[in-house]
$ cat entry.txt   # compact mmCIF, N, CA and C atoms
# COMPACT_ATOMS: atom_id res chain seq x y z
N ALA A 78 155.23 75.65 135.98
CA ALA A 78 154.57 76.87 135.57
C ALA A 78 153.66 76.58 134.40
N ALA A 79 152.51 77.21 134.40
CA ALA A 79 151.53 77.00 133.33
C ALA A 79 151.82 77.94 132.17
N SER A 80 151.68 77.43 130.97
CA SER A 80 151.85 78.26 129.79
C SER A 80 150.53 78.95 129.47
N VAL A 81 150.56 79.90 128.56
CA VAL A 81 149.33 80.56 128.12
C VAL A 81 148.38 79.54 127.53
N ASP A 82 148.92 78.57 126.77
CA ASP A 82 148.07 77.51 126.20
C ASP A 82 147.38 76.71 127.30
N ASP A 83 148.11 76.38 128.37
CA ASP A 83 147.52 75.65 129.49
C ASP A 83 146.39 76.45 130.14
N LEU A 84 146.60 77.75 130.30
CA LEU A 84 145.58 78.60 130.91
C LEU A 84 144.35 78.73 130.01
N ARG A 85 144.55 78.73 128.70
CA ARG A 85 143.41 78.74 127.76
C ARG A 85 142.62 77.45 127.89
N LYS A 86 143.32 76.31 127.90
CA LYS A 86 142.65 75.00 127.99
C LYS A 86 141.86 74.88 129.29
N ALA A 87 142.36 75.49 130.35
CA ALA A 87 141.67 75.43 131.65
C ALA A 87 140.53 76.44 131.73
N GLY A 88 140.34 77.25 130.69
CA GLY A 88 139.27 78.24 130.68
C GLY A 88 139.58 79.49 131.47
N LEU A 89 140.85 79.69 131.83
CA LEU A 89 141.24 80.85 132.62
C LEU A 89 141.61 82.05 131.76
N LEU A 90 141.87 81.82 130.47
CA LEU A 90 142.15 82.91 129.52
C LEU A 90 141.27 82.71 128.29
N PRO A 91 140.83 83.79 127.68
CA PRO A 91 140.03 83.65 126.46
C PRO A 91 140.84 82.98 125.35
N ALA A 92 140.16 82.18 124.53
CA ALA A 92 140.83 81.45 123.45
C ALA A 92 141.46 82.40 122.43
N ASP A 93 140.88 83.59 122.26
CA ASP A 93 141.38 84.51 121.24
C ASP A 93 142.39 85.54 121.78
N LEU A 94 142.78 85.41 123.05
CA LEU A 94 143.76 86.34 123.62
C LEU A 94 145.11 86.13 122.95
N ARG A 95 145.67 87.19 122.39
CA ARG A 95 146.97 87.13 121.75
C ARG A 95 148.00 87.73 122.70
N VAL A 96 149.01 86.96 123.06
CA VAL A 96 150.06 87.43 123.96
C VAL A 96 151.35 87.59 123.16
N VAL A 97 151.80 88.84 123.07
CA VAL A 97 153.04 89.14 122.35
C VAL A 97 153.97 89.86 123.32
N VAL A 98 155.14 89.32 123.49
CA VAL A 98 156.16 89.94 124.33
C VAL A 98 157.19 90.55 123.38
N THR A 99 157.39 91.85 123.50
CA THR A 99 158.35 92.53 122.64
C THR A 99 159.54 92.98 123.50
N LEU A 100 160.70 92.46 123.17
CA LEU A 100 161.93 92.84 123.86
C LEU A 100 162.55 93.98 123.07
N VAL A 101 162.72 95.12 123.72
CA VAL A 101 163.20 96.32 123.03
C VAL A 101 164.50 96.78 123.68
N GLY A 102 165.49 97.06 122.85
CA GLY A 102 166.73 97.61 123.37
C GLY A 102 167.75 97.77 122.26
N PRO A 103 168.62 98.75 122.40
CA PRO A 103 169.64 98.97 121.36
C PRO A 103 170.64 97.83 121.26
N GLN A 104 170.72 96.97 122.28
CA GLN A 104 171.67 95.88 122.27
C GLN A 104 171.08 94.58 121.74
N ALA A 105 169.83 94.57 121.28
CA ALA A 105 169.22 93.35 120.73
C ALA A 105 170.03 92.87 119.53
N THR A 106 170.26 91.58 119.46
CA THR A 106 171.09 91.03 118.39
C THR A 106 170.29 90.89 117.10
N ALA A 107 171.00 90.85 115.99
CA ALA A 107 170.35 90.67 114.69
C ALA A 107 169.62 89.33 114.65
N ALA A 108 170.19 88.31 115.25
CA ALA A 108 169.54 86.99 115.26
C ALA A 108 168.21 87.04 116.02
N ALA A 109 168.20 87.73 117.16
CA ALA A 109 166.97 87.83 117.94
C ALA A 109 165.89 88.62 117.21
N CYS A 110 166.31 89.60 116.42
CA CYS A 110 165.37 90.45 115.70
C CYS A 110 164.90 89.84 114.39
N SER A 111 165.53 88.77 113.92
CA SER A 111 165.26 88.24 112.58
C SER A 111 163.90 87.55 112.47
N ALA A 112 163.45 86.86 113.48
CA ALA A 112 162.18 86.14 113.39
C ALA A 112 161.55 85.98 114.77
N PRO A 113 160.22 86.09 114.85
CA PRO A 113 159.55 85.87 116.13
C PRO A 113 159.72 84.43 116.59
N ARG A 114 159.74 84.24 117.90
CA ARG A 114 159.77 82.90 118.48
C ARG A 114 158.42 82.63 119.10
N LYS A 115 157.93 81.40 119.00
CA LYS A 115 156.63 81.03 119.55
C LYS A 115 156.81 79.86 120.49
N ALA A 116 156.19 79.97 121.67
CA ALA A 116 156.24 78.88 122.64
C ALA A 116 155.10 79.04 123.63
N GLY A 117 154.37 77.98 123.86
CA GLY A 117 153.33 77.97 124.88
C GLY A 117 152.25 79.00 124.70
N GLY A 118 151.98 79.40 123.46
CA GLY A 118 150.94 80.39 123.21
C GLY A 118 151.41 81.82 123.27
N VAL A 119 152.70 82.02 123.41
CA VAL A 119 153.26 83.37 123.48
C VAL A 119 154.18 83.58 122.28
N VAL A 120 154.10 84.75 121.68
CA VAL A 120 155.00 85.13 120.60
C VAL A 120 156.00 86.13 121.17
N VAL A 121 157.28 85.86 120.97
CA VAL A 121 158.33 86.76 121.46
C VAL A 121 159.04 87.37 120.26
N VAL A 122 159.03 88.69 120.20
CA VAL A 122 159.73 89.40 119.13
C VAL A 122 160.76 90.34 119.77
N ALA A 123 161.77 90.69 119.02
CA ALA A 123 162.79 91.60 119.52
C ALA A 123 162.96 92.75 118.53
N ALA A 124 163.30 93.91 119.06
CA ALA A 124 163.51 95.10 118.23
C ALA A 124 164.75 95.84 118.70
N ARG A 125 165.67 96.08 117.78
CA ARG A 125 166.88 96.82 118.11
C ARG A 125 166.60 98.31 117.92
N THR A 126 166.13 98.93 118.98
CA THR A 126 165.76 100.33 118.94
C THR A 126 165.58 100.81 120.37
N THR A 127 165.18 102.04 120.53
CA THR A 127 164.85 102.53 121.87
C THR A 127 163.37 102.30 122.12
N TYR A 128 162.98 102.29 123.38
CA TYR A 128 161.57 102.10 123.70
C TYR A 128 160.73 103.23 123.13
N GLU A 129 161.24 104.45 123.20
CA GLU A 129 160.50 105.60 122.68
C GLU A 129 160.21 105.44 121.19
N ALA A 130 161.21 104.99 120.42
CA ALA A 130 161.01 104.78 118.98
C ALA A 130 160.01 103.66 118.72
N ARG A 131 160.05 102.63 119.54
CA ARG A 131 159.11 101.51 119.38
C ARG A 131 157.69 101.97 119.65
N VAL A 132 157.50 102.78 120.69
CA VAL A 132 156.16 103.30 121.00
C VAL A 132 155.66 104.17 119.85
N ALA A 133 156.52 105.00 119.29
CA ALA A 133 156.13 105.85 118.17
C ALA A 133 155.70 105.02 116.96
N ALA A 134 156.36 103.88 116.74
CA ALA A 134 156.07 103.04 115.58
C ALA A 134 154.90 102.09 115.80
N ALA A 135 154.77 101.54 117.00
CA ALA A 135 153.81 100.46 117.23
C ALA A 135 152.76 100.76 118.29
N GLY A 136 152.84 101.90 118.95
CA GLY A 136 151.90 102.20 120.02
C GLY A 136 152.40 101.70 121.37
N PRO A 137 151.76 102.15 122.44
CA PRO A 137 152.24 101.81 123.78
C PRO A 137 151.94 100.37 124.18
N ALA A 138 152.68 99.91 125.14
CA ALA A 138 152.50 98.55 125.68
C ALA A 138 151.36 98.53 126.68
N ASP A 139 150.86 97.33 126.97
CA ASP A 139 149.85 97.16 128.01
C ASP A 139 150.48 97.03 129.38
N VAL A 140 151.66 96.44 129.43
CA VAL A 140 152.44 96.27 130.66
C VAL A 140 153.90 96.40 130.27
N CYS A 141 154.71 97.05 131.10
CA CYS A 141 156.14 97.17 130.82
C CYS A 141 156.95 96.52 131.92
N LEU A 142 157.97 95.79 131.52
CA LEU A 142 158.96 95.24 132.43
C LEU A 142 160.27 95.94 132.12
N GLY A 143 160.89 96.50 133.12
CA GLY A 143 162.16 97.19 132.92
C GLY A 143 163.27 96.46 133.64
N PHE A 144 164.32 96.10 132.93
CA PHE A 144 165.44 95.38 133.50
C PHE A 144 166.62 96.32 133.67
N ASN A 145 167.03 96.55 134.92
CA ASN A 145 168.16 97.44 135.22
C ASN A 145 168.02 98.74 134.45
N MET A 146 166.94 99.44 134.69
CA MET A 146 166.58 100.62 133.92
C MET A 146 167.48 101.82 134.16
N GLY A 147 168.12 101.90 135.28
CA GLY A 147 169.00 103.02 135.56
C GLY A 147 168.26 104.33 135.79
N LEU A 148 167.05 104.26 136.31
CA LEU A 148 166.25 105.47 136.55
C LEU A 148 166.92 106.41 137.53
N SER A 149 167.68 105.85 138.46
CA SER A 149 168.32 106.69 139.47
C SER A 149 169.71 107.17 139.03
N ASP A 150 170.11 106.80 137.83
CA ASP A 150 171.42 107.19 137.29
C ASP A 150 171.25 108.49 136.51
N GLY A 151 171.96 109.52 136.90
CA GLY A 151 171.84 110.82 136.26
C GLY A 151 172.25 110.85 134.79
N ALA A 152 172.92 109.79 134.31
CA ALA A 152 173.34 109.75 132.91
C ALA A 152 172.17 109.54 131.96
N TYR A 153 171.07 108.98 132.47
CA TYR A 153 169.89 108.76 131.63
C TYR A 153 169.01 109.99 131.68
N GLU A 154 168.50 110.39 130.52
CA GLU A 154 167.70 111.61 130.46
C GLU A 154 166.29 111.36 129.94
N TRP A 155 165.78 110.15 130.02
CA TRP A 155 164.45 109.90 129.51
C TRP A 155 163.42 109.97 130.64
N ARG A 156 162.17 110.19 130.28
CA ARG A 156 161.08 110.34 131.25
C ARG A 156 160.04 109.27 131.03
N LEU A 157 159.56 108.66 132.10
CA LEU A 157 158.53 107.64 131.99
C LEU A 157 157.25 108.19 131.38
N GLY A 158 156.89 109.40 131.76
CA GLY A 158 155.64 109.97 131.27
C GLY A 158 155.58 110.07 129.76
N GLY A 159 156.72 110.14 129.12
CA GLY A 159 156.75 110.23 127.67
C GLY A 159 156.59 108.91 126.96
N VAL A 160 156.72 107.79 127.68
CA VAL A 160 156.66 106.49 127.02
C VAL A 160 155.58 105.56 127.57
N LEU A 161 155.15 105.76 128.80
CA LEU A 161 154.11 104.91 129.37
C LEU A 161 152.77 105.61 129.30
N PRO A 162 151.74 104.92 128.79
CA PRO A 162 150.42 105.54 128.83
C PRO A 162 149.94 105.62 130.28
N GLU A 163 149.07 106.57 130.56
CA GLU A 163 148.57 106.72 131.93
C GLU A 163 147.90 105.43 132.39
N GLY A 164 148.28 105.00 133.59
CA GLY A 164 147.72 103.78 134.17
C GLY A 164 148.43 102.51 133.76
N CYS A 165 149.43 102.60 132.89
CA CYS A 165 150.16 101.41 132.45
C CYS A 165 151.03 100.89 133.58
N PRO A 166 150.88 99.62 133.95
CA PRO A 166 151.74 99.07 135.01
C PRO A 166 153.18 98.90 134.54
N LEU A 167 154.09 99.13 135.45
CA LEU A 167 155.51 98.96 135.21
C LEU A 167 156.09 98.12 136.33
N VAL A 168 156.87 97.12 135.98
CA VAL A 168 157.63 96.36 136.96
C VAL A 168 159.10 96.63 136.64
N ALA A 169 159.77 97.35 137.53
CA ALA A 169 161.19 97.68 137.37
C ALA A 169 162.00 96.66 138.16
N LEU A 170 162.86 95.93 137.48
CA LEU A 170 163.65 94.87 138.10
C LEU A 170 165.09 95.32 138.29
N SER A 171 165.65 95.02 139.46
CA SER A 171 167.02 95.38 139.80
C SER A 171 167.71 94.18 140.43
N SER A 172 169.03 94.21 140.44
CA SER A 172 169.79 93.09 140.97
C SER A 172 169.94 93.12 142.48
N THR A 173 169.92 94.30 143.08
CA THR A 173 170.09 94.38 144.53
C THR A 173 168.96 95.21 145.14
N ARG A 174 168.75 95.03 146.42
CA ARG A 174 167.70 95.79 147.10
C ARG A 174 168.03 97.29 147.12
N VAL A 175 169.30 97.62 147.26
CA VAL A 175 169.70 99.02 147.26
C VAL A 175 169.35 99.67 145.93
N GLU A 176 169.66 98.98 144.81
CA GLU A 176 169.31 99.51 143.49
C GLU A 176 167.79 99.65 143.35
N ALA A 177 167.05 98.65 143.82
CA ALA A 177 165.59 98.69 143.73
C ALA A 177 165.03 99.86 144.54
N ARG A 178 165.59 100.10 145.71
CA ARG A 178 165.13 101.23 146.53
C ARG A 178 165.39 102.55 145.81
N ARG A 179 166.56 102.68 145.19
CA ARG A 179 166.87 103.91 144.43
C ARG A 179 165.92 104.07 143.24
N GLU A 180 165.62 102.97 142.57
CA GLU A 180 164.68 103.02 141.43
C GLU A 180 163.30 103.46 141.93
N ARG A 181 162.86 102.89 143.06
CA ARG A 181 161.55 103.27 143.63
C ARG A 181 161.51 104.75 143.95
N GLN A 182 162.57 105.24 144.59
CA GLN A 182 162.62 106.66 144.94
C GLN A 182 162.62 107.54 143.68
N ALA A 183 163.35 107.12 142.65
CA ALA A 183 163.39 107.88 141.40
C ALA A 183 162.03 107.84 140.71
N LEU A 184 161.37 106.69 140.74
CA LEU A 184 160.04 106.59 140.13
C LEU A 184 159.08 107.57 140.77
N GLU A 185 159.11 107.65 142.09
CA GLU A 185 158.20 108.54 142.81
C GLU A 185 158.59 110.01 142.64
N ALA A 186 159.85 110.33 142.92
CA ALA A 186 160.27 111.73 142.98
C ALA A 186 160.51 112.34 141.60
N ASP A 187 161.17 111.63 140.74
CA ASP A 187 161.60 112.20 139.46
C ASP A 187 160.64 111.92 138.31
N HIS A 188 159.87 110.85 138.41
CA HIS A 188 159.03 110.45 137.29
C HIS A 188 157.53 110.55 137.60
N GLY A 189 157.18 110.89 138.82
CA GLY A 189 155.78 111.07 139.17
C GLY A 189 154.94 109.81 139.14
N ALA A 190 155.57 108.65 139.27
CA ALA A 190 154.84 107.39 139.24
C ALA A 190 154.25 107.09 140.61
N PHE A 191 153.20 106.30 140.61
CA PHE A 191 152.60 105.80 141.84
C PHE A 191 153.19 104.43 142.10
N VAL A 192 153.85 104.26 143.24
CA VAL A 192 154.54 103.01 143.55
C VAL A 192 153.69 102.20 144.51
N ASP A 193 153.57 100.92 144.20
CA ASP A 193 152.79 99.99 145.02
C ASP A 193 153.68 99.47 146.15
N GLY A 194 153.68 100.17 147.27
CA GLY A 194 154.45 99.72 148.43
C GLY A 194 155.94 99.90 148.26
N THR A 195 156.68 98.91 148.68
CA THR A 195 158.13 98.99 148.69
C THR A 195 158.71 97.95 147.72
N GLU A 196 160.02 97.91 147.61
CA GLU A 196 160.65 96.91 146.74
C GLU A 196 160.41 95.51 147.31
N ARG A 197 160.26 94.55 146.41
CA ARG A 197 159.97 93.17 146.81
C ARG A 197 160.92 92.21 146.11
N ARG A 198 161.11 91.05 146.72
CA ARG A 198 161.91 90.00 146.08
C ARG A 198 161.16 89.49 144.86
N ASN A 199 161.90 89.20 143.79
CA ASN A 199 161.34 88.64 142.57
C ASN A 199 161.57 87.14 142.59
N ALA A 200 160.51 86.37 142.62
CA ALA A 200 160.63 84.90 142.67
C ALA A 200 161.19 84.32 141.37
N PHE A 201 161.20 85.12 140.31
CA PHE A 201 161.65 84.63 139.01
C PHE A 201 162.97 85.26 138.58
N HIS A 202 163.87 85.47 139.54
CA HIS A 202 165.17 86.07 139.25
C HIS A 202 166.03 85.13 138.41
N SER A 203 167.16 85.64 137.97
CA SER A 203 168.09 84.82 137.21
C SER A 203 168.55 83.63 138.05
N PRO A 204 168.64 82.46 137.43
CA PRO A 204 169.08 81.29 138.20
C PRO A 204 170.59 81.27 138.48
N GLU A 205 171.34 82.14 137.83
CA GLU A 205 172.78 82.12 137.97
C GLU A 205 173.29 83.27 138.84
N TRP A 206 174.29 82.97 139.65
CA TRP A 206 174.93 83.99 140.48
C TRP A 206 175.93 84.77 139.64
N CYS A 207 176.08 86.05 139.93
CA CYS A 207 177.07 86.91 139.26
C CYS A 207 177.96 87.51 140.34
N GLN A 208 179.19 87.83 139.95
CA GLN A 208 180.10 88.51 140.87
C GLN A 208 180.28 89.94 140.40
N SER A 209 180.24 90.84 141.34
CA SER A 209 180.41 92.26 141.03
C SER A 209 181.78 92.52 140.43
N GLY A 210 181.81 93.41 139.45
CA GLY A 210 183.08 93.81 138.88
C GLY A 210 183.75 94.91 139.68
N VAL A 211 183.05 95.40 140.72
CA VAL A 211 183.57 96.49 141.53
C VAL A 211 184.04 96.01 142.90
N VAL A 212 183.23 95.17 143.53
CA VAL A 212 183.55 94.68 144.88
C VAL A 212 183.66 93.16 144.80
N ALA A 213 184.84 92.62 145.06
CA ALA A 213 185.11 91.20 144.85
C ALA A 213 184.19 90.27 145.64
N ASN A 214 183.81 90.66 146.85
CA ASN A 214 182.99 89.76 147.65
C ASN A 214 181.50 90.04 147.50
N ASP A 215 181.11 90.79 146.49
CA ASP A 215 179.70 91.11 146.25
C ASP A 215 179.16 90.20 145.16
N ILE A 216 178.28 89.25 145.54
CA ILE A 216 177.65 88.39 144.56
C ILE A 216 176.15 88.63 144.59
N TYR A 217 175.50 88.41 143.47
CA TYR A 217 174.08 88.69 143.37
C TYR A 217 173.48 87.87 142.23
N ARG A 218 172.17 87.87 142.15
CA ARG A 218 171.44 87.30 141.03
C ARG A 218 170.73 88.44 140.33
N LYS A 219 170.83 88.48 139.01
CA LYS A 219 170.18 89.54 138.25
C LYS A 219 168.67 89.51 138.47
N HIS A 220 168.09 90.69 138.50
CA HIS A 220 166.64 90.88 138.57
C HIS A 220 166.02 90.26 139.83
N SER A 221 166.75 90.30 140.95
CA SER A 221 166.27 89.70 142.20
C SER A 221 165.22 90.55 142.92
N TRP A 222 165.15 91.83 142.60
CA TRP A 222 164.24 92.74 143.29
C TRP A 222 163.33 93.45 142.29
N ALA A 223 162.08 93.65 142.70
CA ALA A 223 161.08 94.29 141.82
C ALA A 223 160.41 95.45 142.52
N VAL A 224 160.11 96.46 141.73
CA VAL A 224 159.31 97.59 142.19
C VAL A 224 158.14 97.71 141.22
N CYS A 225 156.93 97.72 141.75
CA CYS A 225 155.74 97.82 140.91
C CYS A 225 155.19 99.24 140.99
N ALA A 226 154.89 99.80 139.82
CA ALA A 226 154.42 101.19 139.76
C ALA A 226 153.52 101.36 138.55
N TRP A 227 152.91 102.51 138.46
CA TRP A 227 152.16 102.87 137.26
C TRP A 227 152.22 104.37 137.10
N SER A 228 152.03 104.80 135.86
CA SER A 228 152.16 106.22 135.54
C SER A 228 150.84 106.95 135.79
$ encode --input "entry.txt" --output "C-alpha cells"
Amino acid sequence: AASVDDLRKAGLLPADLRVVVTLVGPQATAAACSAPRKAGGVVVVAARTTYEARVAAAGPADVCLGFNMGLSDGAYEWRLGGVLPEGCPLVALSSTRVEARRERQALEADHGAFVDGTERRNAFHSPEWCQSGVVANDIYRKHSWAVCAWS
C-alpha cells in the first residue's frame, strides 16, 4: 500500500495537502489522546469525546468512517444530519452483512442519507477472527462490510 508521502512523491497528491485522521470516541485511552502520531505523511490524533462535541469544537470532517455505529439499534438517539455536513461522505463499517444491511436501511429510512448501492465487502477488514459472545459457532472479522452514503 502506498503512503501519503509516496503519493506526493509520485505527483498524485499536492505537496501541501495535510492529512489528519481524528479518532473520536468516549472510549479513547488517555495514552492515545496524549500526543499525535505521525506516519507516512498522515497525522493521527485521538479525542475522548463524542463526535457531536468534536464537531462543535473543531468543525465538521471532510469524510467520516463509522465503526459499528449502531444506527439500527434503538438505544442510540443521535441523528446523522446533526453531525455530518451536507454532501459529506460516510463509510459505515460493520462486522457482518446482516448488520451492514440494517445500517444501510437505517441510513436511508431513519437518517435520510443517500446510499450508494448495497453493502459491500471491505478489503481492509480486521486481520483477526473473532468469536461471537452470543452464538458459539459464529465467527467473523471486524469491519468486514461497508456501506457508503452521504448526507
$ atom_distance --input "entry.txt" --atom1 "atom N of Glu180 in chain A" --atom2 "CA of Met146 in chain A"
9.0 Å
$ closest_residue --input "entry.txt" --among "A:Ala213, A:Cys141, A:Leu90, A:Val98" --to "Ala123 in chain A" --atoms "only N, CA and C atoms"
A:Val98
$ residues_around --input "entry.txt" --residues "Gly143 in chain A" --least-positions-apart "2" --cutoff "8 Å" --atoms "all atoms listed in the file" --output "PyMOL selection string"
chain A and resi 140-141+145-147+167-171
$ residues_around --input "entry.txt" --residues "Ala112 in chain A" --least-positions-apart "5" --cutoff "7 Å" --atoms "only N, CA and C atoms" --output "list in words"
Ala107, Val121, Val122 and Ala123 of chain A
$ residues_near_point --input "entry.txt" --point "(157.6, 98.0, 145.9)" --cutoff "8 Å" --atoms "only C-alpha atoms" --output "VMD selection string"
chain A and resid 181 192 to 197 223 to 226
$ select_by_dssp --input "entry.txt" --residues "range 157-209 of chain A" --states "strand (DSSP E or B)" --output "PyMOL selection string"
chain A and resi 166-171+191-192+197-198+206-208
$ write_last_selection --input "entry.txt" --atoms "N, CA and C atoms" --output "mmCIF file, keeping the file's coordinate frame"
data_model
loop_
_atom_site.group_PDB
_atom_site.id
_atom_site.type_symbol
_atom_site.label_atom_id
_atom_site.label_comp_id
_atom_site.auth_asym_id
_atom_site.auth_seq_id
_atom_site.Cartn_x
_atom_site.Cartn_y
_atom_site.Cartn_z
ATOM 1 N N PRO A 166 150.880 99.620 133.950
ATOM 2 C CA PRO A 166 151.740 99.070 135.010
ATOM 3 C C PRO A 166 153.180 98.900 134.540
ATOM 4 N N LEU A 167 154.090 99.130 135.450
ATOM 5 C CA LEU A 167 155.510 98.960 135.210
ATOM 6 C C LEU A 167 156.090 98.120 136.330
ATOM 7 N N VAL A 168 156.870 97.120 135.980
ATOM 8 C CA VAL A 168 157.630 96.360 136.960
ATOM 9 C C VAL A 168 159.100 96.630 136.640
ATOM 10 N N ALA A 169 159.770 97.350 137.530
ATOM 11 C CA ALA A 169 161.190 97.680 137.370
ATOM 12 C C ALA A 169 162.000 96.660 138.160
ATOM 13 N N LEU A 170 162.860 95.930 137.480
ATOM 14 C CA LEU A 170 163.650 94.870 138.100
ATOM 15 C C LEU A 170 165.090 95.320 138.290
ATOM 16 N N SER A 171 165.650 95.020 139.460
ATOM 17 C CA SER A 171 167.020 95.380 139.800
ATOM 18 C C SER A 171 167.710 94.180 140.430
ATOM 19 N N PHE A 191 153.200 106.300 140.610
ATOM 20 C CA PHE A 191 152.600 105.800 141.840
ATOM 21 C C PHE A 191 153.190 104.430 142.100
ATOM 22 N N VAL A 192 153.850 104.260 143.240
ATOM 23 C CA VAL A 192 154.540 103.010 143.550
ATOM 24 C C VAL A 192 153.690 102.200 144.510
ATOM 25 N N ARG A 197 160.260 94.550 146.410
ATOM 26 C CA ARG A 197 159.970 93.170 146.810
ATOM 27 C C ARG A 197 160.920 92.210 146.110
ATOM 28 N N ARG A 198 161.110 91.050 146.720
ATOM 29 C CA ARG A 198 161.910 90.000 146.080
ATOM 30 C C ARG A 198 161.160 89.490 144.860
ATOM 31 N N TRP A 206 174.290 82.970 139.650
ATOM 32 C CA TRP A 206 174.930 83.990 140.480
ATOM 33 C C TRP A 206 175.930 84.770 139.640
ATOM 34 N N CYS A 207 176.080 86.050 139.930
ATOM 35 C CA CYS A 207 177.070 86.910 139.260
ATOM 36 C C CYS A 207 177.960 87.510 140.340
ATOM 37 N N GLN A 208 179.190 87.830 139.950
ATOM 38 C CA GLN A 208 180.100 88.510 140.870
ATOM 39 C C GLN A 208 180.280 89.940 140.400
#
$ residues_around --input "entry.txt" --residues "range 125-127 of chain A" --least-positions-apart "3" --cutoff "5 Å" --atoms "only N, CA and C atoms" --output "PyMOL selection string"
chain A and resi 102-103+105+130-131
$ atom_distance --input "entry.txt" --atom1 "CA of Ala190 in chain A" --atom2 "CA of Pro162 in chain A"
11.5 Å
$ residues_near_point --input "entry.txt" --point "(151.6, 82.2, 120.9)" --cutoff "10 Å" --atoms "only C-alpha atoms" --output "short mmCIF file (atom, residue, chain, number, x, y, z; two decimals) with N, CA and C atoms, in the coordinates of the input"
data_model
loop_
_atom_site.label_atom_id
_atom_site.label_comp_id
_atom_site.auth_asym_id
_atom_site.auth_seq_id
_atom_site.Cartn_x
_atom_site.Cartn_y
_atom_site.Cartn_z
N SER A 80 151.68 77.43 130.97
CA SER A 80 151.85 78.26 129.79
C SER A 80 150.53 78.95 129.47
N VAL A 81 150.56 79.90 128.56
CA VAL A 81 149.33 80.56 128.12
C VAL A 81 148.38 79.54 127.53
N ASP A 82 148.92 78.57 126.77
CA ASP A 82 148.07 77.51 126.20
C ASP A 82 147.38 76.71 127.30
N LEU A 94 142.78 85.41 123.05
CA LEU A 94 143.76 86.34 123.62
C LEU A 94 145.11 86.13 122.95
N ARG A 95 145.67 87.19 122.39
CA ARG A 95 146.97 87.13 121.75
C ARG A 95 148.00 87.73 122.70
N VAL A 96 149.01 86.96 123.06
CA VAL A 96 150.06 87.43 123.96
C VAL A 96 151.35 87.59 123.16
N VAL A 97 151.80 88.84 123.07
CA VAL A 97 153.04 89.14 122.35
C VAL A 97 153.97 89.86 123.32
N VAL A 98 155.14 89.32 123.49
CA VAL A 98 156.16 89.94 124.33
C VAL A 98 157.19 90.55 123.38
N PRO A 113 160.22 86.09 114.85
CA PRO A 113 159.55 85.87 116.13
C PRO A 113 159.72 84.43 116.59
N ARG A 114 159.74 84.24 117.90
CA ARG A 114 159.77 82.90 118.48
C ARG A 114 158.42 82.63 119.10
N LYS A 115 157.93 81.40 119.00
CA LYS A 115 156.63 81.03 119.55
C LYS A 115 156.81 79.86 120.49
N ALA A 116 156.19 79.97 121.67
CA ALA A 116 156.24 78.88 122.64
C ALA A 116 155.10 79.04 123.63
N GLY A 117 154.37 77.98 123.86
CA GLY A 117 153.33 77.97 124.88
C GLY A 117 152.25 79.00 124.70
N GLY A 118 151.98 79.40 123.46
CA GLY A 118 150.94 80.39 123.21
C GLY A 118 151.41 81.82 123.27
N VAL A 119 152.70 82.02 123.41
CA VAL A 119 153.26 83.37 123.48
C VAL A 119 154.18 83.58 122.28
N VAL A 120 154.10 84.75 121.68
CA VAL A 120 155.00 85.13 120.60
C VAL A 120 156.00 86.13 121.17
N VAL A 121 157.28 85.86 120.97
CA VAL A 121 158.33 86.76 121.46
C VAL A 121 159.04 87.37 120.26
#
$ atom_distance --input "entry.txt" --atom1 "CA of Val101 in chain A" --atom2 "CA of Ala186 in chain A"
25.4 Å
$ closest_residue --input "entry.txt" --among "A:Phe191, A:Leu148, A:Cys207, A:Tyr217" --to "Ser172 in chain A" --atoms "only N, CA and C atoms"
A:Tyr217
$ closest_residue --input "entry.txt" --among "A:Glu205, A:Ala92, A:Ala108, A:Trp222" --to "Arg174 in chain A" --atoms "all atoms listed in the file"
A:Trp222
